[in-house]
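Novice: Have a look at the structure that comes next, please.
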Amino acid sequence: MTVKGIFPRRRPPAPSAGWWAFALPLALMLASDYKLRSRDVDNAVGGSADLTVLVEIAVYGAAAMYLVWKFGLRAPRRRTTGLLLAAWLFCGYVAFSALWSPFKSLGLVRGVQLMITMLVAHTVATRATPADLRKLAHVFIGIVLVSVGIGVAHPFPRTLHTESRFNWLYVHPVIAGVYLAVAILLVIGYLIRWNRPQDRLWHPVVYAAVLAVLTGALVATGTRGAALGCAAGIIVLLATARGPKGRIDLIVMGAAVSVLAVLAFSDKILAFVARGESSEQLATLNSRTELWSLAMDAFREEPIFGRGLGASRGLFLDSIGLGGGHNAFINALVDNGVVGTIAFAALLLTLGFVLLTLCRHRTLRADAGMLLGIFGCFLADSMTTEGLAAPANVSSVWLFILVAWAETLRRQGGDPLPAVEPEPARALAEPAGYSGTTVTASAHVEGAPEQA
């Protein structure tokens with residue numbers, strides 16, 4: 001009997017692509033964000049390089065050279081998917097826009113880093129297995145947990161605006177909040193897999209304890225965008241990772257938890273949202289609305305192709321004292337213009353569509369729902385931070401990890417073909433040389449009962 005389906009598999013997948021599949025993405029992420037020193041934004045925009053910057057560039061260069069040494073440089077043998085094509089088009093245009101950036105040194109470095117990140121993601125997407133990405137997720141959780149311990153045991157000096165906010169090393173609380181939000185979603189994504197305990201690498205009690213620590217650390221960072229994104233991501237995760245049953249659980253438990261939280265912690269919730277700021281600061285989202293007005297003026301001057309990669313990083317320092325667009329879509333408009341923003345939106349829409357499609361398959365639903373939760377977290381957080389549209393940071397690297405993970409799931413295939421006993425007439429005909437008919441897995445999947 002010949003079996004065909006939506007996700008054809010020509011040969012059994014390898015148990016693992018190797019350590020590089022999870023080590024390289026994490027190395028790029030940590031090299032970009034984890035710093036042992038703090039310096040002014042003016043120095044970063046001006047293109048001056050110190051030892052930390054040179055180490056970061058060396059890590060990216062080593063990742064690219066390792067992949068070239070291991071796999072070589074050759075044209076892809078298989079047809080490129082729409083998702084990978086959208087990712088390459090976005091990266092290619094953003095990197096090319098560095099040529100007309102007013103901060104050319106910064107733009108060129110970030111452009112090369114973005115292309116290396118996409119190279120790593122493409123290699124992971126075409127060679128890694130779900131087991132490799134499961135390791136990546138758990139190593140990431142472990143790194144964030146150790147980082148929280150470092151922040152508690154040895155607080156580093158903080159700036160005037162971050163004295164009361166938790167972080168570690170010289171990682172800004174906003175960036176620390178993104179790390180914590182993603183780690184929380186990963187922990188929840190594995191904790192709720194009641195029907196697939198084989199996906200877990202730790203005991204459920206360990207996941208629960210880690211979740212409590214990471215949640216407390218996220219609240220201590222005072223990062224409202226990351227907290228809002230994490231809440232939105234949890235809703236999306238619970239609504240998709242367990243199918244229709246998960247949506248019912250979300251409605252029942254979510255309503256109960258929301259009522260209890262409002263009644264018991266209303267004062268603390270309001271204090272977290274206000275964060276000691278005046279009504280004027282809250283009305284302008286801590287000066288972000290003023291920044292966005294200036295950004296739109298800058299966009300109108302160069303609306304088609306934008307001002308170039310890295311322009312928004314230093315464009316508003318003199319006038320308002322803030323670097324970056326503090327909104328991923330506004331940042332894309334200023335740096336990359338309408339052309340780059342369309343490429344960015346196409347990448348996001350394609351990724352969201354692919355993940356929603358994968359959620360329709362029972363064996364892929366748990367991973368796809370978890371990835372959708374992280375994706376929703378980034379979209380919500382992008383309303384106040386530009387990380388998703390800017391190269392070399394945790395949000396950008398995770399965006400391409402989501403692309404690679406989605407492609408890996410698509411390569412592995414959907415629901416397995418249910419075991420069906422052959423009919424007596426067919427069992428007698430097959431020994432006589434009758435080849436039978438072709439059976440599609442999709443037909444069995446559509447007829448199978450829905451499971452959570």
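Labels for the structure tokens follow display order: chains A, B, ..., residues from 1 in each chain, ligands from 1.
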Identify, on the basis of only C-alpha atoms, every residue whose closest approach to Ala232 of chain A does not exceed 7 Å; exclude the query and any residue fewer than 4 positions from it along the same chain; express the result as a ChimeraX atom specification.

Specialist: /A:228,236,376-377

Novice: Could you pull out the residues in segment 298-408 of chain A that DSSP calls helix (DSSP H, G or I) from the backbone, as a PyMOL selection string?

Specialist: chain A and resi 298-301+311-315+317-320+328-358+365-381+387-389+394-408

Novice: Calculated over only C-alpha atoms, which of the candidates A:Gly216, A:Gly189, A:Pro25, A:Gly340 has the smallest distance to Ala87 of chain A?

Specialist: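 Under the stated criterion, the closest residue is A:Gly340.
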
Novice: Mind running segment 326-434 of chain A against segment 169-183 of chain A at 8 Å and telling me each contacting residue's nearest atom pair with the distance in Å (one decimal), counting only C-alpha atoms, chain and number ascending, as a tab-separated table?

Specialist:
```
residue	atom	partner	partner_atom	distance
A:Ile374	CA	A:Val182	CA	6.2
A:Cys377	CA	A:Ala181	CA	7.8
A:Val394	CA	A:Tyr179	CA	7.1
A:Ser395	CA	A:Val178	CA	7.3
```

Novice: Those same residues, written as a short mmCIF file (atom, residue, chain, number, x, y, z; two decimals), in the first residue's frame with N, CA, C and O atoms?

Specialist:
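Result saved to result_7.cif:
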```cif
data_model
loop_
_atom_site.label_atom_id
_atom_site.label_comp_id
_atom_site.auth_asym_id
_atom_site.auth_seq_id
_atom_site.Cartn_x
_atom_site.Cartn_y
_atom_site.Cartn_z
N ILE A 374 4.32 32.68 21.26
CA ILE A 374 5.51 33.54 21.23
C ILE A 374 5.36 34.61 20.16
O ILE A 374 5.73 35.78 20.36
N CYS A 377 3.11 37.23 21.43
CA CYS A 377 3.83 38.03 22.42
C CYS A 377 4.68 39.11 21.74
O CYS A 377 4.67 40.28 22.15
N VAL A 394 17.25 39.87 20.85
CA VAL A 394 16.52 38.65 21.18
C VAL A 394 15.25 38.51 20.35
O VAL A 394 14.92 37.41 19.88
N SER A 395 14.51 39.60 20.15
CA SER A 395 13.26 39.51 19.39
C SER A 395 13.52 39.14 17.93
O SER A 395 12.82 38.30 17.36
#
```

Novice: From the list A:Gly151, A:Pro244, A:Pro130, A:Gly225, which residue is nearest Asp199 of chain A when using only C-alpha atoms?

Specialist: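 Nearest candidate to Asp199 of chain A out of A:Gly151, A:Pro244, A:Pro130, A:Gly225: A:Pro130.
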
Novice: Tell me, as number ranges by chain, which residues lie within 6 Å of Ala404 of chain A, counting only C-alpha atoms; anything in the same chain fewer than 3 positions away does not count.

Specialist: A: 121, 124-125, 401, 407

Novice: What is the atom CA of Leu36 of chain A to atom CA of Ala49 of chain A distance in Å?

Specialist: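 Taking atom CA of Leu36 of chain A and atom CA of Ala49 of chain A, their separation equals 14.4 Å.
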
Novice: For Ala346 of chain A, which residue among A:Leu83, A:Leu114, A:Pro102, A:Leu399 is the nearest when counting only C-alpha atoms?

Specialist: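 Looking only at the distances to Ala346 of chain A, the closest residue turns out to be A:Leu83.
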
Novice: Write out as a count of residues only the residues lying within 12 Å of Leu349 of chain A, counting only C-alpha atoms and excluding same-chain residues fewer than 2 positions away.

Specialist: 21

Novice: Calculate how many Å separate atom CA of His203 of chain A from atom CA of Gly149 of chain A, rounding to one decimal.

Specialist: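 Straight-line distance from atom CA of His203 of chain A to atom CA of Gly149 of chain A works out to 20.7 Å.
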
Novice: Mind pulling up the distance from atom CA of Gly243 of chain A to atom CA of Ala17 of chain A?

Specialist: 29.8 Å

Novice: Calculated over only C-alpha atoms, which of the candidates A:Gly369, A:Gly61, A:Pro15, A:Gly310 has the smallest distance to Phe103 of chain A?

Specialist: A:Gly310

Novice: Of the candidates A:Ile141, A:Leu24, A:Leu214, A:Leu106, which shows the shortest atom-to-atom distance to Tyr190 of chain A, using only C-alpha atoms?

Specialist: A:Ile141

Novice: Extract, using only C-alpha atoms, all DNA, RNA and protein residues at most 12 Å from Thr123 of chain A, discarding same-chain residues fewer than 5 positions from it, and format them as a ChimeraX atom specification.

Specialist: /A:17-18,20-22,24-25,63-64,66-68,70-73,76,84,116-118,128-129,400-401,403-405,407-408

Novice: Please list as a PyMOL selection string every residue within 12 Å of Asp50 of chain A, counting only C-alpha atoms and excluding residues in the same chain fewer than 4 positions away.

Specialist: chain A and resi 35-39+43-44+54-57

Novice: Using all heavy atoms, can you export the residues from the last selection as a short mmCIF file (atom, residue, chain, number, x, y, z; two decimals), in the first residue's frame?

Specialist:
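Result file is part.cif:
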```
data_model
loop_
_atom_site.label_atom_id
_atom_site.label_comp_id
_atom_site.auth_asym_id
_atom_site.auth_seq_id
_atom_site.Cartn_x
_atom_site.Cartn_y
_atom_site.Cartn_z
N LYS A 35 25.84 41.88 27.87
CA LYS A 35 27.01 42.76 27.89
C LYS A 35 27.57 42.84 29.30
O LYS A 35 26.85 42.77 30.29
CB LYS A 35 26.63 44.17 27.43
CG LYS A 35 25.89 44.22 26.10
CD LYS A 35 26.72 43.68 24.95
CE LYS A 35 25.97 43.81 23.62
NZ LYS A 35 26.72 43.20 22.50
N LEU A 36 28.89 43.01 29.39
CA LEU A 36 29.57 43.19 30.67
C LEU A 36 29.99 44.64 30.87
O LEU A 36 30.82 44.94 31.72
CB LEU A 36 30.79 42.27 30.74
CG LEU A 36 30.48 40.77 30.76
CD1 LEU A 36 31.76 39.96 30.71
CD2 LEU A 36 29.65 40.40 31.99
N ARG A 37 29.43 45.53 30.06
CA ARG A 37 29.70 46.95 30.21
C ARG A 37 28.52 47.73 29.68
O ARG A 37 27.69 47.23 28.92
CB ARG A 37 30.99 47.35 29.49
CG ARG A 37 30.97 47.05 28.00
CD ARG A 37 30.54 48.25 27.19
NE ARG A 37 30.56 48.01 25.77
CZ ARG A 37 29.52 47.61 25.06
NH1 ARG A 37 28.37 47.36 25.66
NH2 ARG A 37 29.61 47.45 23.74
N SER A 38 28.43 48.97 30.06
CA SER A 38 27.39 49.87 29.57
C SER A 38 28.06 51.07 28.92
O SER A 38 29.06 51.58 29.43
CB SER A 38 26.49 50.33 30.73
OG SER A 38 25.51 51.24 30.27
N ARG A 39 27.52 51.51 27.78
CA ARG A 39 28.07 52.69 27.12
C ARG A 39 26.95 53.53 26.54
O ARG A 39 25.83 53.05 26.32
CB ARG A 39 29.07 52.31 26.05
CG ARG A 39 28.53 51.56 24.86
CD ARG A 39 29.62 51.38 23.83
NE ARG A 39 29.15 50.76 22.60
CZ ARG A 39 29.83 50.77 21.47
NH1 ARG A 39 31.01 51.38 21.42
NH2 ARG A 39 29.37 50.19 20.39
N ASN A 43 27.90 56.57 21.39
CA ASN A 43 29.06 55.78 20.97
C ASN A 43 28.66 54.62 20.07
O ASN A 43 29.35 54.30 19.10
CB ASN A 43 29.80 55.25 22.20
CG ASN A 43 30.43 56.36 23.02
OD1 ASN A 43 30.80 57.40 22.48
ND2 ASN A 43 30.56 56.14 24.32
N ALA A 44 27.52 54.00 20.40
CA ALA A 44 27.06 52.88 19.58
C ALA A 44 26.66 53.35 18.18
O ALA A 44 26.98 52.72 17.17
CB ALA A 44 25.88 52.20 20.26
N LEU A 54 33.63 43.83 19.38
CA LEU A 54 34.45 42.93 18.57
C LEU A 54 34.15 41.47 18.86
O LEU A 54 34.13 40.63 17.95
CB LEU A 54 35.93 43.23 18.82
CG LEU A 54 36.42 44.62 18.36
CD1 LEU A 54 37.88 44.82 18.74
CD2 LEU A 54 36.22 44.79 16.86
N VAL A 55 33.88 41.15 20.13
CA VAL A 55 33.50 39.78 20.48
C VAL A 55 32.17 39.41 19.84
O VAL A 55 32.00 38.31 19.30
CB VAL A 55 33.44 39.62 22.01
CG1 VAL A 55 32.81 38.28 22.39
CG2 VAL A 55 34.83 39.72 22.62
N GLU A 56 31.21 40.34 19.87
CA GLU A 56 29.91 40.09 19.23
C GLU A 56 30.07 39.82 17.74
O GLU A 56 29.50 38.86 17.21
CB GLU A 56 29.00 41.30 19.46
CG GLU A 56 27.65 41.19 18.77
CD GLU A 56 26.82 42.45 18.93
OE1 GLU A 56 27.21 43.34 19.73
OE2 GLU A 56 25.78 42.56 18.25
N ILE A 57 30.86 40.66 17.07
CA ILE A 57 31.08 40.46 15.64
C ILE A 57 31.80 39.14 15.38
O ILE A 57 31.49 38.41 14.42
CB ILE A 57 31.89 41.64 15.07
CG1 ILE A 57 31.07 42.94 15.16
CG2 ILE A 57 32.28 41.37 13.62
CD1 ILE A 57 31.85 44.18 14.78
#
```

Novice: Just checking: using only C-alpha atoms, which residue out of A:Val334, A:Gln412, A:Arg360, A:Ser396 ends up closest to Gly306 of chain A?

Specialist: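 Residue with the minimum atom-to-atom distance to Gly306 of chain A: A:Val334.
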